[in-house]
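*Asks:* Mind looking over this structure? Questions follow.
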Amino acid sequence: MDDRHTHARNKVRRQGVVWLAYAFTARKLIRLLAPALLVLLPIGLLAVLVLVVLVDGSAAVVNGDFELVGRPEPPLLEWAAAVLAVSVAGQAVALPATVVLAAGLLVGKNVSISGALRAAARRWRAMAVLVLVGVVAFTAALAAGLGILVWTGAQVTAYAVMAVLALFAMPCLLAVASVALEGRSAKDALARAYRLTAGASGATAFTLAFGVVLFPMLATQAANWAVSGLPIVPAVAGCVLALVAVPFQAAVIARLFLHRLVIKGTIAEFKKIVDDLPESAPRPARPVPVLAALLLPGLLYGGVVLINPLGWPEVSETAVTETWPRGPDSEVFGEDGRPKPELGASDLRALYAGQGGRMVMLMDDFEPAKLLTCMDSTCRRTRFTWAEPVGVARGYTAAGVRLADGRLVVSTWAQEGTDEDGLVLDLDKWRARLGLLICDATACVPAPGGRPITEVTSSTQDRTVALAARPGGGLLVAQFYELPLGESDIAEEGLSITTCDDPACTRPHTKEVAKLPVSRYRDDRRGLIAGVGPDDRPVVLRFDRETGAVFVISCDDPACARARIGRPVRGSTDYSDGQAGAAMLVRADGRPLIAYLDVSDGAIKLLDCRTRECSQAGTTTLSEPGHNTTPAMVLDRDGRVLVAFQNLDREQILIATCTGTRCTRTPVTTIRRHGGYRLAMALDGRGRPVLAWVDFGGWDDWDLVVTTPLTLR
């Protein structure tokens with residue numbers, strides 16, 4: 001027996017604790033994994049089963065991986081807290097049990113797995129105290145670092161203080177071995193751990209820091225980097241590494257504890273630890289069941305994600321601008337000598353299904369309009385080009401419409417009487433003429449044979465333009481403009497409709513069709529949407545972004561000899577944040593469907609108009625009241641109405657699917673920053689809804705995101 005103890009002491013006396021412990025664990029991994037699998041695996045499986053019940057309706061498979069959509073609700077937060085508490089309790093049993101197993105194997109003594117687990121379970125009170133001490137030590141280090149950072153703003157000093165405090169607390173890990181192997185109380189185990197480190201406190205602290213904390217973390221980070229971008233694999237790798245890390249950590253703790261005992265010359269205590277280990281008859285390792293249990297969570301996860309038996313929405317998502325530069329680069333020029341276009345957070349205007357199934361986005365704000373084309377279904381490859389030529393009038397937002405062949409028609413304003421920078425030289429000579437551009441997926445050219453539709457002679461005149469395609473291949477151009485004050489001193493704006501027999505609008509026919517009241521003190525709060533029914537009769541929606549009022553103007557015939565005006569939403573004079581908005585589509589019978597943001601409570605609502613001018617309508621509420629944003633709307637191939645909107649309270653983007661007045665809501669993605677900016681939607685070549693939206697966190701912290709729900713509930 002003395003020879004056995006002597007051999008064990010000589011074995012654990014060797015230097016290089018971390019590398020020897022890791023090599024030892026690699027050889028004995030199958031046996032050392034047992035406590036972690038028996039304790040932590042059931043906890044994980046039970047937590048997943050409870051999670052599946054809790055997330056019904058707020059989960060999706062995004063880019064091939066399970067994802068909770070939006071901000072966690074209180075039940076999920078309670079679940080997370082419970083899982084954390086139970087996992088820590090399980091770790092407080094699995095880690096010391098593995099320490100006992102590792103210590104037995106290190107000294108050449110076979111220890112039963114059940115005996116190790118029983119020994120760890122009997123000492124749960126001491127381990128609970130050690131866990132509490134660890135939490136307090138971590139919190140104190142973090143608080144000290146953050147306090148220094150807030151007080152002085154010195155990041156290096158703050159990190160240095162946290163590192164020093166963390167190193168000082170590292171010997172607490174040796175107390176785990178003292179509790180597990182010697183049965184000491186938490187207080188005695190902590191005192192024992194710091195006594196053992198005396199004379200080599202720095203080396204011991206660094207050994208524990210690297211062997212127990214840093215190397216496992218680096219291995220996890222390396223694995224995540226190696227498999228990043230792959231579906232399913234990162235989650236599987238994370239689960240496997242979480243379980244495999246326990247034996248490596250326990251082996252470092254056990255070997256370092258025994259190493260320090262031998263170095264300190266406490267031979268009698270070393271012998272007592274060896275003799276008190278729960279010895280059992282040797283049993284062969286069973287790699288097959290152990291490996292099966294290790295891979296079980298990953299296999300279950302992969303199967304659930306691939307098969308999707310619960311019918312979670314499947315979503316493809318790409319942050320288009322994730323690698324784009326944010327600042328202007330005036331040194332980069334395109335083939336035409338113009339600077340390459342830059343994309344701003346407020347540029348997104350509309351999304352269309354272009355030629356060849358490509359999705360095309362119309363971008364416009366302060367600079368000339370641009371086109372961003374997704375060259376593949378995921379929008380990872382894009383083409384970004386200017387749509388409008390040099391010298392167009394600024395202050396007029398471009399409108400667009402898709403033609404039947406997938407090309408786009410985009411409005412543009414040519415101007416005269418300005419210098420190279422667009423500054424007006426002579427107010428009397430300044431002119432802006434409304435024309436059209438025909439665009440494919442790569443470039444825009446002036447409409448061949450097109451004639452100016454409107455001429456504006458004052459740079460202070462405001463115009464809002466909307467386009468719609470006519471059934472026979474022609475075009476409808478709707479315009480709102482401010483009217484001069486009349487005798488009644490009531491501010492009004494006029495609506496004109498221009499009908500064209502062809503997309504180039506070679507023979508435009510313009511008619512003034514309506515006058516609407518407007519606030520004299522508004523700040524460009526008008527919105528305009530044009531539509532045409534299958535019978536070629538125009539329907540125009542005008543909404544006030546400030547008050548939320550909605551007007552619908554319909555025509556009795558294609559030439560709009562007579563117009564009817566309805567006001568289905570009165571709006572609010574007290575509302576002034578400019579966030580109201582609406583979307584419209586015209587059904588086969590010519591009656592419009594309107595989705596809008598109700599300014600009275602912030603809910604998204606759907607108007608089912610019973611008349612063309614929507615003077616009578618049924619209303620369906622699609623969202624809860626709160627902070628929602630302007631909706632986008634399309635009609636899918638099955639005749640269902642799809643309405644997409646952002647719910648900023650829950651940090652979700654949802655799609656409401658409506659058949660008649662029956663609607664279901666499906667969260668499809670998470671707003672990771674603050675959202676609240678543009679959202680556009682269109683159907684791709686396969687009939688799937690595609691969302692383009694801006695995830696906005698700040699002027700230099702935003703992304704243009706393309707989200708495609710592959711399946712909807």
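We label chains A, B, ... in the order they appear in the structure tokens, count residues from 1 in each chain, and number ligands from 1 in the order shown.
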Looking only at the backbone, which of the residues in region 552-625 of chain A does DSSP tag as strand (DSSP E or B), as an NGL selection string?
*Replies:* :A and (552-555 or 563-569 or 582-586 or 592-597 or 604-609 or 617-621)
*Asks:* Mind checking which residues fall within 8 Å of region 270-273 of chain A, counting only C-alpha atoms, ignoring those fewer than 2 positions away in the same chain, and posting them as an NGL selection string?
*Replies:* :A and (5 or 181-182 or 258 or 261-262 or 266-268 or 275-277)
*Asks:* Neighbours of region 132-135 of chain A within 9 Å (only C-alpha atoms; same-chain residues fewer than 5 positions away dropped), as number ranges by chain?
*Replies:* A: 127, 140, 169, 172-173
*Asks:* Within 8 Å of Ser178 (chain A), counting only C-alpha atoms, which residues qualify if same-chain residues fewer than 3 places away don't, as a list of chain:residue names?
*Replies:*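 Contacts, in chain order: A:Leu174, A:Ala175, A:Leu181, A:Glu182, A:Gly183, A:Arg184, A:Ala189, A:Arg192, A:Ala193, A:Phe257.
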*Asks:* Considering only C-alpha atoms, return as a list in words whatever protein or nucleic-acid residues lie within 9 Å of Val244 (chain A), sequence-local ones (same chain, fewer than 2 positions apart) excluded.
*Replies:*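 Close residues of Val244 (chain A): Leu29, Leu33, Ala36, Cys239, Val240, Leu241, Ala242, Val246, Pro247, Phe248 and Leu294 of chain A.
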*Asks:* Any idea what's packed within 10 Å of Val93 (chain A), counting only C-alpha atoms, ignoring anything in its chain fewer than 2 positions away? Could you give it as a ChimeraX atom specification?
*Replies:* /A:35-36,39-40,87-91,95-98,116-124,127-128,180
*Asks:* Which residues are close to region 384-388 of chain A, i.e. within 7 Å by only C-alpha atoms, leaving aside same-chain residues fewer than 5 positions away? Reply as a ChimeraX atom specification.
*Replies:* /A:341,368-373,412,443-444
*Asks:* Record the distance separating CA of Ala21 (chain A) and CA of Val212 (chain A), expressed in Å with one decimal.
*Replies:*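 Separation of CA of Ala21 (chain A) and CA of Val212 (chain A): 10.7 Å.
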*Asks:* Could you tell me how far CA of Asp695 (chain A) sits from CA of Ser411 (chain A), in Å to one decimal place?
*Replies:*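 Computing it gives 27.0 Å between the two atoms.
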*Asks:* Taking into account only C-alpha atoms, which residue in the set A:Leu190, A:Val61, A:Val392, A:Val17 is nearest to Glu317 (chain A)?
*Replies:*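 The answer is A:Val61, which sits nearest to Glu317 (chain A).
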